[in-house]
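Listing of protein.csv, CSV, C-alpha atoms and all ligand atoms
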chain,number,residue,atom,x,y,z
A,178,MET,CA,-82.7,-41.1,9.0
A,179,SER,CA,-84.1,-40.8,5.5
A,180,LYS,CA,-81.9,-41.8,2.6
A,181,GLN,CA,-80.3,-38.8,1.0
A,182,GLU,CA,-80.4,-38.1,-2.8
A,183,VAL,CA,-76.8,-37.4,-3.9
A,184,ILE,CA,-76.3,-36.5,-7.6
A,185,LEU,CA,-73.1,-36.1,-9.5
A,186,CYS,CA,-74.6,-33.6,-11.9
A,187,GLU,CA,-74.4,-33.6,-15.7
A,188,SER,CA,-76.5,-30.4,-15.6
A,189,LEU,CA,-76.8,-28.5,-12.3
A,190,GLU,CA,-79.7,-26.6,-13.7
A,191,THR,CA,-81.7,-29.7,-14.5
A,192,SER,CA,-80.8,-31.4,-11.3
A,193,LEU,CA,-81.7,-28.3,-9.2
A,194,GLY,CA,-85.0,-27.8,-11.0
A,195,ARG,CA,-85.9,-31.4,-10.1
A,196,ALA,CA,-84.6,-31.2,-6.5
A,197,ILE,CA,-86.7,-28.0,-5.9
A,198,GLU,CA,-89.8,-29.7,-7.4
A,199,LEU,CA,-89.3,-32.6,-4.9
A,200,CYS,CA,-89.5,-30.1,-2.0
A,201,PRO,CA,-92.8,-28.3,-2.2
A,202,HIS,CA,-92.2,-24.9,-0.4
A,203,ASP,CA,-93.8,-21.5,0.1
A,204,LYS,CA,-90.6,-19.5,0.0
A,205,LEU,CA,-87.0,-20.1,-1.2
A,206,PHE,CA,-83.8,-19.0,0.6
A,207,VAL,CA,-80.2,-19.3,-0.6
A,208,LEU,CA,-77.3,-19.2,1.8
A,209,THR,CA,-73.8,-18.4,0.6
A,210,ASP,CA,-70.6,-17.1,2.2
A,211,GLU,CA,-69.0,-13.9,0.9
A,212,HIS,CA,-66.9,-15.8,-1.6
A,213,THR,CA,-69.5,-18.2,-3.0
A,214,GLN,CA,-71.9,-15.3,-3.3
A,215,ARG,CA,-69.4,-13.8,-5.8
A,216,LEU,CA,-68.0,-16.9,-7.4
A,217,CYS,CA,-70.8,-19.5,-7.5
A,218,LEU,CA,-74.2,-17.7,-7.1
A,219,PRO,CA,-74.1,-15.8,-10.4
A,220,SER,CA,-74.0,-18.9,-12.6
A,221,LEU,CA,-76.8,-20.5,-10.6
A,222,LYS,CA,-78.9,-17.4,-10.9
A,223,GLU,CA,-78.7,-17.6,-14.7
A,224,SER,CA,-81.0,-20.6,-14.6
A,225,GLY,CA,-83.8,-18.4,-13.3
A,226,LEU,CA,-84.6,-21.0,-10.7
A,227,LEU,CA,-83.6,-18.6,-7.9
A,228,LYS,CA,-85.5,-15.6,-9.2
A,229,ASP,CA,-87.7,-15.3,-6.1
A,230,ALA,CA,-85.1,-16.6,-3.6
A,231,VAL,CA,-84.1,-14.5,-0.6
A,232,GLU,CA,-80.3,-14.3,-0.4
A,233,ILE,CA,-78.5,-14.7,2.9
A,234,CYS,CA,-74.7,-14.2,3.0
A,235,ILE,CA,-72.3,-15.0,5.9
A,236,GLY,CA,-68.6,-14.5,6.5
A,237,ALA,CA,-66.3,-17.1,5.0
A,238,GLU,CA,-64.3,-19.9,6.7
A,239,ASP,CA,-64.3,-21.7,10.0
A,240,ILE,CA,-63.8,-18.6,12.1
A,241,HIS,CA,-67.5,-17.9,11.2
A,242,LYS,CA,-68.8,-21.3,12.0
A,243,THR,CA,-70.1,-19.9,15.2
A,244,LEU,CA,-73.3,-19.4,17.3
A,245,GLU,CA,-73.3,-15.7,16.3
A,246,THR,CA,-73.3,-16.5,12.5
A,247,LEU,CA,-76.0,-19.2,13.1
A,248,ALA,CA,-78.1,-16.6,15.0
A,249,SER,CA,-77.7,-14.2,12.1
A,250,VAL,CA,-79.1,-16.9,9.7
A,251,TRP,CA,-82.0,-17.7,12.1
A,252,MET,CA,-82.7,-14.0,12.2
A,253,ALA,CA,-82.7,-13.6,8.4
A,254,LEU,CA,-85.1,-16.5,8.1
A,255,SER,CA,-87.3,-15.2,10.8
A,256,THR,CA,-87.5,-11.6,9.7
A,257,GLN,CA,-87.8,-12.4,6.0
A,258,GLY,CA,-90.9,-14.6,6.2
A,259,ALA,CA,-89.6,-18.2,6.4
A,260,THR,CA,-92.1,-20.7,7.5
A,261,ARG,CA,-92.0,-24.4,8.4
A,262,HIS,CA,-92.6,-25.0,4.7
A,263,SER,CA,-89.8,-22.9,3.4
A,264,LEU,CA,-86.7,-24.4,1.6
A,265,LEU,CA,-83.1,-23.4,2.1
A,266,ILE,CA,-80.4,-24.0,-0.5
A,267,ASN,CA,-76.8,-24.0,0.9
A,268,LEU,CA,-74.3,-23.0,-1.7
A,269,GLY,CA,-70.8,-23.2,-0.5
A,270,GLY,CA,-68.1,-25.3,1.2
A,271,GLY,CA,-68.4,-27.4,4.3
A,272,MET,CA,-68.7,-24.3,6.6
A,273,VAL,CA,-71.8,-23.2,4.7
A,274,THR,CA,-73.3,-26.7,4.5
A,275,ASP,CA,-72.6,-27.5,8.2
A,276,LEU,CA,-73.9,-24.2,9.5
A,277,GLY,CA,-76.7,-23.9,7.0
A,278,GLY,CA,-77.8,-27.5,7.5
A,279,PHE,CA,-77.9,-26.9,11.3
A,280,ALA,CA,-79.9,-23.7,10.7
A,281,ALA,CA,-82.4,-25.6,8.6
A,282,ALA,CA,-82.5,-28.5,11.2
A,283,THR,CA,-83.4,-26.1,14.0
A,284,PHE,CA,-85.5,-23.3,12.4
A,285,LYS,CA,-89.1,-23.9,13.5
A,286,ARG,CA,-87.8,-27.4,14.4
A,287,GLY,CA,-86.7,-28.2,10.9
A,288,ILE,CA,-87.2,-27.1,7.3
A,289,SER,CA,-86.2,-28.8,4.1
A,290,TYR,CA,-82.8,-28.0,2.6
A,291,ILE,CA,-80.6,-28.7,-0.4
A,292,ASN,CA,-76.8,-28.7,-0.4
A,293,ILE,CA,-74.9,-27.5,-3.4
A,294,PRO,CA,-71.2,-28.1,-2.3
A,295,THR,CA,-68.7,-25.8,-4.0
A,296,THR,CA,-65.4,-27.0,-2.5
A,297,LEU,CA,-63.7,-30.4,-3.0
A,298,LEU,CA,-64.1,-31.1,0.7
A,299,ALA,CA,-67.8,-30.4,0.8
A,300,MET,CA,-68.4,-32.4,-2.4
A,301,VAL,CA,-66.8,-35.6,-1.1
A,302,ASP,CA,-67.6,-35.3,2.5
A,303,ALA,CA,-69.3,-32.4,4.3
A,304,SER,CA,-72.4,-32.0,2.2
A,305,VAL,CA,-73.3,-35.7,2.5
A,306,GLY,CA,-74.4,-37.8,5.5
A,307,GLY,CA,-76.3,-35.4,7.6
A,308,LYS,CA,-73.7,-34.2,10.2
A,309,THR,CA,-74.5,-30.5,10.7
A,310,GLY,CA,-73.3,-28.1,13.3
A,311,ILE,CA,-71.1,-25.3,14.5
A,312,ASN,CA,-67.9,-24.9,16.5
A,313,PHE,CA,-68.4,-23.9,20.2
A,314,ASN,CA,-66.3,-23.4,23.3
A,315,GLY,CA,-63.1,-23.7,21.1
A,316,LEU,CA,-64.2,-27.2,20.1
A,317,LYS,CA,-64.9,-28.5,16.6
A,318,ASN,CA,-68.6,-29.2,15.8
A,319,GLU,CA,-69.4,-29.2,19.5
A,320,ILE,CA,-73.1,-28.4,18.9
A,321,GLY,CA,-75.0,-29.9,16.0
A,322,ALA,CA,-77.5,-32.4,14.8
A,323,PHE,CA,-77.8,-35.3,12.4
A,324,ALA,CA,-80.1,-33.8,9.7
A,325,PRO,CA,-79.6,-34.9,6.1
A,326,ALA,CA,-80.2,-32.6,3.2
A,327,ASN,CA,-83.1,-33.5,1.0
A,328,SER,CA,-80.8,-33.5,-2.0
A,329,VAL,CA,-77.0,-33.0,-2.5
A,330,LEU,CA,-76.1,-31.7,-6.0
A,331,ILE,CA,-72.5,-32.0,-6.9
A,332,GLU,CA,-71.3,-29.8,-9.8
A,333,THR,CA,-67.5,-30.3,-10.1
A,334,GLU,CA,-67.2,-27.3,-12.5
A,335,PHE,CA,-67.2,-25.1,-9.3
A,336,LEU,CA,-63.8,-26.6,-8.5
A,337,ARG,CA,-62.1,-24.6,-11.3
A,338,THR,CA,-61.9,-21.5,-9.0
A,339,LEU,CA,-60.7,-23.3,-5.9
A,340,ASP,CA,-57.3,-22.4,-4.7
A,341,THR,CA,-54.5,-25.0,-4.2
A,342,HIS,CA,-54.8,-25.0,-0.4
A,343,ASN,CA,-58.5,-25.8,-0.4
A,344,PHE,CA,-57.9,-28.4,-3.2
A,345,PHE,CA,-55.5,-30.2,-0.9
A,346,SER,CA,-57.8,-29.7,2.1
A,347,GLY,CA,-60.5,-31.7,0.4
A,348,TYR,CA,-58.0,-34.2,-1.0
A,349,ALA,CA,-57.1,-35.2,2.6
A,350,GLU,CA,-60.7,-36.4,3.2
A,351,MET,CA,-60.4,-38.3,-0.2
A,352,LEU,CA,-57.2,-39.9,1.0
A,353,LYS,CA,-59.1,-40.9,4.2
A,354,HIS,CA,-61.7,-42.5,2.0
A,355,GLY,CA,-59.0,-44.3,0.1
A,356,LEU,CA,-57.4,-45.6,3.3
A,357,ILE,CA,-60.8,-46.9,4.7
A,358,SER,CA,-61.9,-48.5,1.4
A,359,ASN,CA,-59.4,-50.4,-0.8
A,360,THR,CA,-55.8,-50.4,-2.0
A,361,ALA,CA,-56.6,-49.6,-5.6
A,362,HIS,CA,-58.5,-46.4,-4.7
A,363,TRP,CA,-55.8,-45.4,-2.2
A,364,ALA,CA,-53.0,-46.0,-4.9
A,365,GLU,CA,-55.0,-44.0,-7.5
A,366,LEU,CA,-55.2,-41.1,-5.1
A,367,LEU,CA,-51.5,-41.2,-4.3
A,368,ASN,CA,-50.7,-41.1,-8.1
A,369,PHE,CA,-53.2,-38.4,-9.2
A,370,ASP,CA,-51.4,-35.5,-10.9
A,371,SER,CA,-52.4,-32.5,-8.8
A,372,SER,CA,-49.9,-30.2,-10.5
A,373,SER,CA,-52.0,-30.1,-13.7
A,374,ILE,CA,-55.6,-31.1,-12.8
A,375,ASP,CA,-57.5,-33.1,-15.3
A,376,TYR,CA,-61.1,-32.1,-14.3
A,377,ALA,CA,-62.8,-35.0,-16.0
A,378,ALA,CA,-60.5,-37.4,-14.1
A,379,LEU,CA,-61.1,-35.4,-10.9
A,380,LYS,CA,-64.9,-35.7,-11.4
A,381,GLN,CA,-64.6,-39.5,-11.6
A,382,LEU,CA,-62.5,-39.6,-8.4
A,383,VAL,CA,-65.1,-37.3,-6.6
A,384,GLY,CA,-67.8,-39.8,-7.6
A,385,GLN,CA,-65.8,-42.7,-6.2
A,386,SER,CA,-64.9,-40.9,-3.0
A,387,VAL,CA,-68.4,-39.7,-2.2
A,388,GLN,CA,-69.6,-43.3,-2.8
A,389,VAL,CA,-67.3,-44.5,-0.1
A,390,LYS,CA,-69.0,-42.1,2.3
A,391,GLU,CA,-72.5,-42.8,1.2
A,392,ASP,CA,-72.0,-46.6,1.6
A,393,ILE,CA,-70.9,-46.2,5.2
A,394,VAL,CA,-73.5,-43.6,6.1
A,395,GLU,CA,-76.2,-45.8,4.7
A,396,GLN,CA,-75.1,-48.7,7.0
A,397,ASP,CA,-74.8,-46.5,10.2
A,398,PRO,CA,-76.3,-43.0,9.8
A,399,PHE,CA,-76.0,-42.1,13.5
A,400,GLU,CA,-72.4,-43.3,14.1
A,401,HIS,CA,-73.1,-46.1,16.5
A,402,GLY,CA,-70.5,-48.3,14.8
A,403,ILE,CA,-68.9,-48.4,11.3
A,404,ARG,CA,-69.5,-44.7,10.6
A,405,LYS,CA,-66.6,-44.1,13.0
A,406,ALA,CA,-64.4,-45.2,10.1
A,407,LEU,CA,-65.1,-41.7,8.6
A,408,ASN,CA,-63.5,-40.2,11.6
A,409,LEU,CA,-60.0,-41.7,10.8
A,410,GLY,CA,-57.4,-39.0,11.5
A,411,HIS,CA,-59.9,-36.8,13.3
A,412,THR,CA,-59.2,-37.6,17.0
A,413,VAL,CA,-55.8,-36.0,16.5
A,414,GLY,CA,-56.8,-33.8,13.6
A,415,HIS,CA,-59.6,-32.0,15.5
A,416,ALA,CA,-57.3,-31.5,18.4
A,417,PHE,CA,-54.7,-29.9,16.1
A,418,GLU,CA,-57.4,-27.7,14.5
A,419,SER,CA,-58.8,-26.6,17.9
A,420,MET,CA,-55.3,-25.8,19.2
A,421,ALA,CA,-54.4,-23.9,16.0
A,422,LEU,CA,-57.6,-21.9,16.4
A,423,ALA,CA,-56.9,-21.1,20.0
A,424,GLU,CA,-53.4,-19.9,19.1
A,425,ASN,CA,-54.8,-17.6,16.3
A,426,ARG,CA,-53.1,-19.6,13.6
A,427,PRO,CA,-56.1,-21.4,12.1
A,428,VAL,CA,-55.4,-24.3,9.8
A,429,LEU,CA,-57.7,-25.8,7.1
A,430,HIS,CA,-59.7,-28.8,8.3
A,431,GLY,CA,-58.3,-31.2,5.7
A,432,TYR,CA,-54.7,-30.2,6.6
A,433,ALA,CA,-55.4,-31.0,10.3
A,434,VAL,CA,-56.9,-34.3,9.1
A,435,ALA,CA,-53.8,-35.1,7.0
A,436,TRP,CA,-51.5,-34.5,10.0
A,437,GLY,CA,-54.0,-36.5,12.2
A,438,ILE,CA,-53.7,-39.4,9.7
A,439,VAL,CA,-49.9,-39.4,10.1
A,440,CYS,CA,-50.4,-39.8,13.9
A,441,GLU,CA,-53.2,-42.3,13.6
A,442,LEU,CA,-51.4,-44.5,11.0
A,443,TYR,CA,-48.5,-44.7,13.4
A,444,LEU,CA,-50.9,-45.8,16.2
A,445,SER,CA,-52.5,-48.2,13.7
A,446,HIS,CA,-49.0,-49.7,13.1
A,447,LEU,CA,-48.2,-49.9,16.8
A,448,LYS,CA,-51.5,-51.3,18.0
A,449,VAL,CA,-53.0,-53.4,15.2
A,450,GLY,CA,-50.1,-53.9,12.7
A,451,PHE,CA,-50.8,-51.5,9.8
A,452,PRO,CA,-48.1,-52.3,7.2
A,453,LYS,CA,-45.0,-50.1,7.6
A,454,GLU,CA,-44.5,-49.6,3.8
A,455,LYS,CA,-48.1,-48.3,3.2
A,456,MET,CA,-47.7,-46.1,6.3
A,457,ARG,CA,-44.4,-44.7,4.9
A,458,GLN,CA,-45.9,-44.0,1.4
A,459,THR,CA,-49.0,-42.3,2.9
A,460,ILE,CA,-46.9,-40.2,5.2
A,461,GLN,CA,-44.5,-39.2,2.4
A,462,PHE,CA,-47.5,-38.0,0.3
A,463,ILE,CA,-48.7,-35.9,3.3
A,464,LYS,CA,-45.2,-34.5,3.9
A,465,ASP,CA,-44.9,-33.6,0.2
A,466,ASN,CA,-48.2,-31.8,0.0
A,467,TYR,CA,-49.3,-30.5,3.4
A,468,GLY,CA,-46.2,-29.1,5.1
A,469,VAL,CA,-46.1,-29.5,8.8
A,470,PHE,CA,-48.1,-28.3,11.8
A,471,THR,CA,-45.5,-27.3,14.4
A,472,PHE,CA,-45.7,-27.6,18.2
A,473,ASP,CA,-43.2,-28.6,20.9
A,474,CYS,CA,-43.5,-31.3,23.7
A,475,LYS,CA,-44.8,-28.6,26.1
A,476,LYS,CA,-48.0,-28.6,24.1
A,477,TYR,CA,-48.7,-32.4,24.5
A,478,ASP,CA,-50.9,-31.9,27.5
A,479,GLN,CA,-53.0,-29.4,25.6
A,480,VAL,CA,-53.4,-31.6,22.5
A,481,TYR,CA,-54.4,-34.5,24.9
A,482,ALA,CA,-56.9,-32.2,26.6
A,483,PHE,CA,-58.6,-31.4,23.3
A,484,MET,CA,-58.7,-35.1,22.5
A,485,THR,CA,-60.7,-35.8,25.6
A,486,HIS,CA,-63.6,-33.9,23.9
A,487,ASP,CA,-63.7,-36.3,20.9
A,488,LYS,CA,-67.3,-37.4,20.2
A,489,LYS,CA,-66.2,-41.0,19.9
A,490,ASN,CA,-65.0,-41.2,23.5
A,491,THR,CA,-66.9,-43.0,26.2
A,492,SER,CA,-66.3,-42.9,30.0
A,493,GLY,CA,-63.0,-41.1,30.1
A,494,THR,CA,-61.1,-43.1,27.5
A,495,ILE,CA,-59.9,-41.5,24.2
A,496,ASN,CA,-61.2,-43.4,21.3
A,497,PHE,CA,-59.6,-43.8,17.9
A,498,THR,CA,-60.5,-45.4,14.6
A,499,LEU,CA,-57.4,-47.4,13.4
A,500,LEU,CA,-56.6,-49.6,10.4
A,501,LYS,CA,-55.1,-53.1,10.4
A,502,ASP,CA,-54.6,-52.6,6.7
A,503,ILE,CA,-56.1,-50.5,4.0
A,504,GLY,CA,-59.9,-51.1,4.2
A,505,ASP,CA,-59.5,-53.2,7.3
A,506,ILE,CA,-61.1,-50.9,9.9
A,507,CYS,CA,-60.8,-51.2,13.7
A,508,ILE,CA,-63.2,-48.9,15.5
A,509,ASN,CA,-63.3,-48.2,19.3
A,510,GLN,CA,-59.5,-48.5,19.8
A,511,THR,CA,-58.1,-46.8,22.9
A,512,ALA,CA,-54.7,-45.6,23.8
A,513,ASP,CA,-53.3,-44.4,27.2
A,514,LYS,CA,-51.6,-41.1,27.7
A,515,ASP,CA,-48.1,-42.5,27.4
A,516,THR,CA,-48.9,-44.1,24.0
A,517,ILE,CA,-50.5,-40.9,22.8
A,518,PHE,CA,-47.4,-38.9,23.8
A,519,GLU,CA,-45.2,-41.5,22.0
A,520,MET,CA,-47.4,-41.0,18.9
A,521,LEU,CA,-46.9,-37.2,19.1
A,522,ASP,CA,-43.1,-37.8,19.4
A,523,PHE,CA,-43.3,-39.9,16.2
A,524,TYR,CA,-45.2,-37.2,14.4
A,525,ARG,CA,-42.7,-34.5,15.3
A,526,GLU,CA,-39.7,-36.7,14.5
A,527,CYS,CA,-41.0,-37.9,11.1
A,528,MET,CA,-42.2,-34.4,10.1
A,529,GLY,CA,-38.7,-33.0,11.0
A,530,ILE,CA,-39.6,-30.8,14.0
A,601,LIG,N1,-70.5,-32.5,8.0
A,601,LIG,C1,-69.5,-33.3,7.7
A,601,LIG,O1,-69.6,-34.5,7.5
A,601,LIG,C2,-68.1,-32.7,7.5
A,601,LIG,C3,-67.1,-33.4,6.8
A,601,LIG,C4,-65.9,-32.8,6.6
A,601,LIG,C5,-65.7,-31.4,7.0
A,601,LIG,N2,-66.7,-30.8,7.6
A,601,LIG,C6,-66.5,-29.3,8.0
A,601,LIG,O2,-66.4,-28.6,6.8
A,601,LIG,C7,-65.7,-27.4,7.0
A,601,LIG,C8,-64.6,-27.2,6.0
A,601,LIG,O3,-65.2,-27.1,4.7
A,601,LIG,P1,-64.4,-26.5,3.5
A,601,LIG,O4,-63.1,-27.1,3.4
A,601,LIG,O5,-65.3,-26.6,2.3
A,601,LIG,O6,-64.2,-25.0,3.9
A,601,LIG,P2,-65.0,-23.7,3.7
A,601,LIG,O7,-66.4,-23.9,3.6
A,601,LIG,O8,-64.5,-22.8,4.8
A,601,LIG,O9,-64.5,-23.2,2.3
A,601,LIG,C9,-63.1,-22.9,2.1
A,601,LIG,C10,-62.9,-21.6,1.3
A,601,LIG,O10,-63.2,-21.8,0.0
A,601,LIG,C11,-64.1,-20.8,-0.5
A,601,LIG,N3,-64.9,-21.4,-1.6
A,601,LIG,C12,-66.0,-22.2,-1.6
A,601,LIG,N4,-66.3,-22.6,-2.8
A,601,LIG,C13,-65.3,-22.1,-3.6
A,601,LIG,C14,-65.1,-22.1,-5.0
A,601,LIG,N5,-65.9,-22.9,-5.8
A,601,LIG,N6,-64.1,-21.4,-5.6
A,601,LIG,C15,-63.3,-20.7,-4.8
A,601,LIG,N7,-63.4,-20.6,-3.4
A,601,LIG,C16,-64.5,-21.3,-2.9
A,601,LIG,C17,-64.9,-20.4,0.7
A,601,LIG,O11,-65.6,-19.2,0.6
A,601,LIG,C18,-63.9,-20.4,1.8
A,601,LIG,O12,-63.2,-19.2,1.7
A,601,LIG,C19,-65.1,-27.5,8.4
A,601,LIG,O13,-65.9,-26.8,9.3
A,601,LIG,C20,-65.3,-29.0,8.7
A,601,LIG,O14,-65.4,-29.2,10.1
A,601,LIG,C21,-67.9,-31.3,7.8
A,602,LIG,O1,-69.3,-37.9,8.3
A,602,LIG,C1,-68.6,-38.3,9.3
A,602,LIG,O2,-69.1,-39.2,10.1
A,602,LIG,C2,-67.3,-37.8,9.5
A,602,LIG,O3,-66.7,-38.1,10.6
A,602,LIG,C3,-66.7,-37.0,8.5
A,602,LIG,C4,-65.6,-36.0,9.0
A,602,LIG,O4,-64.7,-35.8,7.9
A,602,LIG,C5,-66.1,-34.7,9.4
A,602,LIG,O5,-65.0,-33.8,9.7
A,602,LIG,C6,-67.1,-34.6,10.5
A,602,LIG,O6,-67.6,-33.3,10.6
A,602,LIG,C7,-66.5,-34.9,11.9
A,602,LIG,O7,-67.5,-35.1,12.8
A,602,LIG,P1,-67.3,-35.1,14.3
A,602,LIG,O8,-68.5,-35.9,14.8
A,602,LIG,O9,-66.0,-35.7,14.7
A,602,LIG,O10,-67.4,-33.7,14.8
A,603,ZN,ZN,-63.3,-34.2,8.3
What's the structure tokens form of this structure?
Ligand SMILES: NC(=O)c1ccc[n+]([C@@H]2O[C@H](COP(=O)([O-])OP(=O)(O)OC[C@H]3O[C@@H](n4cnc5c(N)ncnc54)[C@H](O)[C@@H]3O)[C@@H](O)[C@H]2O)c1
Ligand SMILES: O=C(O)C(=O)C[C@@H](O)[C@H](O)[C@H](O)COP(=O)(O)O
Ligand SMILES: [Zn+2]
Amino acid sequence: MSKQEVILCESLETSLGRAIELCPHDKLFVLTDEHTQRLCLPSLKESGLLKDAVEICIGAEDIHKTLETLASVWMALSTQGATRHSLLINLGGGMVTDLGGFAAATFKRGISYINIPTTLLAMVDASVGGKTGINFNGLKNEIGAFAPANSVLIETEFLRTLDTHNFFSGYAEMLKHGLISNTAHWAELLNFDSSSIDYAALKQLVGQSVQVKEDIVEQDPFEHGIRKALNLGHTVGHAFESMALAENRPVLHGYAVAWGIVCELYLSHLKVGFPKEKMRQTIQFIKDNYGVFTFDCKKYDQVYAFMTHDKKNTSGTINFTLLKDIGDICINQTADKDTIFEMLDFYRECMGI
């Protein structure tokens, strides 16, 4: 996989001008969702760089990360003259960069694309590393491809219009990056004052966080080994997210990951000795900021069934990424059904349900 250019922008206009120049193209397309079309596209258009761009707009959020939406993007590209040499700019959160990236990867077997992430989650995680795709059959990212953007341009000024829930959703992936990297970064994240955001400090944290992801992706772009570290909290998190979607009470991806981290830190403690005090501090932060995802023990089999679809699994065993300590990563860890149910008991008890 080619190495991706990731830029923490000083001037988005300058960086975008350069990124477009690096991708010779015959026609330019820009994909937004209904919110980023209103909130983010106007400032980008002021630069004049998009004056000839064809705009494509899709519905917002994960309920639209579907085959139907993907087909609508393919259709817009096809009917509005896109060729193999066209360029797509994805302007939005992780839903837009995942779906737009997959549209670019598959249209005429692949066209160039640039990601301009506009949520915290997309800046530190989704826009980087080449995982693209859609949800399918009630399962997260069931269909997709590894296809990195030519450039990723991070402009943290977009974060000023983000609501609190989406701020914390992205922050959960940052916390994951803290847990898999080092104690200093993890502690800095637990101590950040989210009640009155210092955007300069946030920009610095975004830079550190995305660097954690870039370093891992560079070592293992196709997730044969160490990239599984980036999936900490996701074996359970994706199961919660899929169950919530099936029950018509969707939860934000980062919230599901945060609750998944609660479970998987417990499993880490149980199986590989993750320190109890660091587990307690992390879980307290999650309880304070993410509330709780509720379910009773009658749902354990369903949660387990969703986990059997995790992409890290091999030959019928459920696979987790666990931690011996902060930054001490154990991939390919398995747990039997009884242990997984014990983990869910722990989650419900410590979250007070
Ligand atoms: N490919 C990867 O490596 C990767 C990593 C993590 C998550 N993901 C995926 O990313 C998706 C979640 O991404 P997300 O959290 O960005 O959600 P999202 O894209 O659904 O955006 C959340 C909401 O914020 C709005 N929004 C976007 N930018 C805004 C801004 N600047 N101001 C105000 N509102 C804004 C959106 O319109 C949407 O309503 C999930 O589908 C998840 O599976 C992918
Ligand atoms: O980049 C990765 O690798 C990740 O696992 C990042 C995750 O935060 C992200 O949610 C990713 O989309 C999960 O991928 P999946 O392979 O478990 O669907
Ligand atoms: Zn994630």
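Minimum atom-to-atom distances from A:Glu223, A:Val207, A:Leu276, A:Pro201 to A:Arg261 were compared using all atoms listed in the file, and the lowest value belongs to A:Pro201.
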Compile the contact shell of stretch 393-397 of chain A as a PyMOL selection string: residues with an atom at most 12 Å away, counting all atoms listed in the file, same-chain residues fewer than 2 positions apart removed. chain A and resi 178-182+302+305-308+323+325+354+357-358+386-391+399-408+506
**Residues within 10 Å of A:Pro452, all atoms listed in the file, excluding chain neighbours under 2 positions, as a ChimeraX atom specification** = /A:442-443,445-447,449-450,454-457,500-503
task: Could you report the residues within 7 Å of ligand LIG 601 (chain A), using all atoms listed in the file, as a PyMOL selection string?
output: chain A and resi 210-213+216-217+237-239+242+269-273+275+295-299+302-309+317-318+335-340+343+346-347+429-431
As a PyMOL selection string, please: the residues near A:Asn292 (cut-off 6 Å, only C-alpha atoms, same-chain neighbours under 3 positions excluded). chain A and resi 266-267+329
Residue subset to file, keeping C-alpha atoms, as a compact mmCIF listing (two decimals), in the frame of the given file:
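The new file part05.txt reads:
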# COMPACT_ATOMS: atom_id res chain seq x y z
CA ILE A 266 -80.40 -24.00 -0.50
CA ASN A 267 -76.80 -24.00 0.90
CA VAL A 329 -77.00 -33.00 -2.50
Exercise. So how far away is atom CA of A:Ala248 from atom CA of A:Gly225, in Å?
Worked result: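 Interatomic distance here is 28.9 Å.
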- Query: Using all atoms listed in the file, which residue out of A:Glu418, A:Glu365, A:Glu187, A:Glu332 lies closest to ligand ZN 603 (chain A)?
  - Reply: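 Closest to ligand ZN 603 (chain A) of all the choices is A:Glu418.
Between atom CA of A:Met252 and atom CA of A:Ile291 the separation is 19.5 Å.
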Which of these residues is nearest to ligand LIG 602 (chain A), using all atoms listed in the file: A:Ala421, A:Leu409, A:Met528, A:Val469?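 Distance minimum relative to ligand LIG 602 (chain A) lands on A:Leu409.
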Q: Tell me which of A:Asn496, A:Thr274, A:Thr511, A:Ser255 sits closest to A:Ile235, counting only C-alpha atoms.
A: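 Closest candidate: A:Thr274.
Here atom CA of A:Tyr477 stands at a distance of 6.7 Å from atom CA of A:Phe518.
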Around all of stretch 249-261 of chain A's listed atoms, make the axis-aligned box with 8 Å on each side and tell me centre and edge lengths in Å to one decimal, as lines of an AutoDock Vina configuration file.
center_x = -84.9
center_y = -18.0
center_z = 9.1
size_x = 30.4
size_y = 28.8
size_z = 22.2
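Shortest atom-to-atom contact with A:Ile184 among A:Gly410, A:Asp229, A:Met300, A:Trp251: A:Met300, counting only C-alpha atoms.
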message: Show me, as a list of chain:residue names, the residues that have an atom within 9 Å of A:Asp473 when counting all atoms listed in the file, minus same-chain residues fewer than 3 positions from it.
response: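 With the cut-off at 9 Å, the set is A:Lys476, A:Tyr477, A:Arg525, A:Ile530.
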Nearest to ligand LIG 602 (chain A), restricted to only C-alpha atoms and all ligand atoms and choosing among A:Asn312, A:Thr516, A:Asn327, A:Gln214, comes out as A:Asn312
I want to know what sits within 12 Å of A:Thr256, based on only C-alpha atoms, with residues of the same chain fewer than 6 positions away left out; could you give that as a ChimeraX atom specification?
/A:231,233,248-250
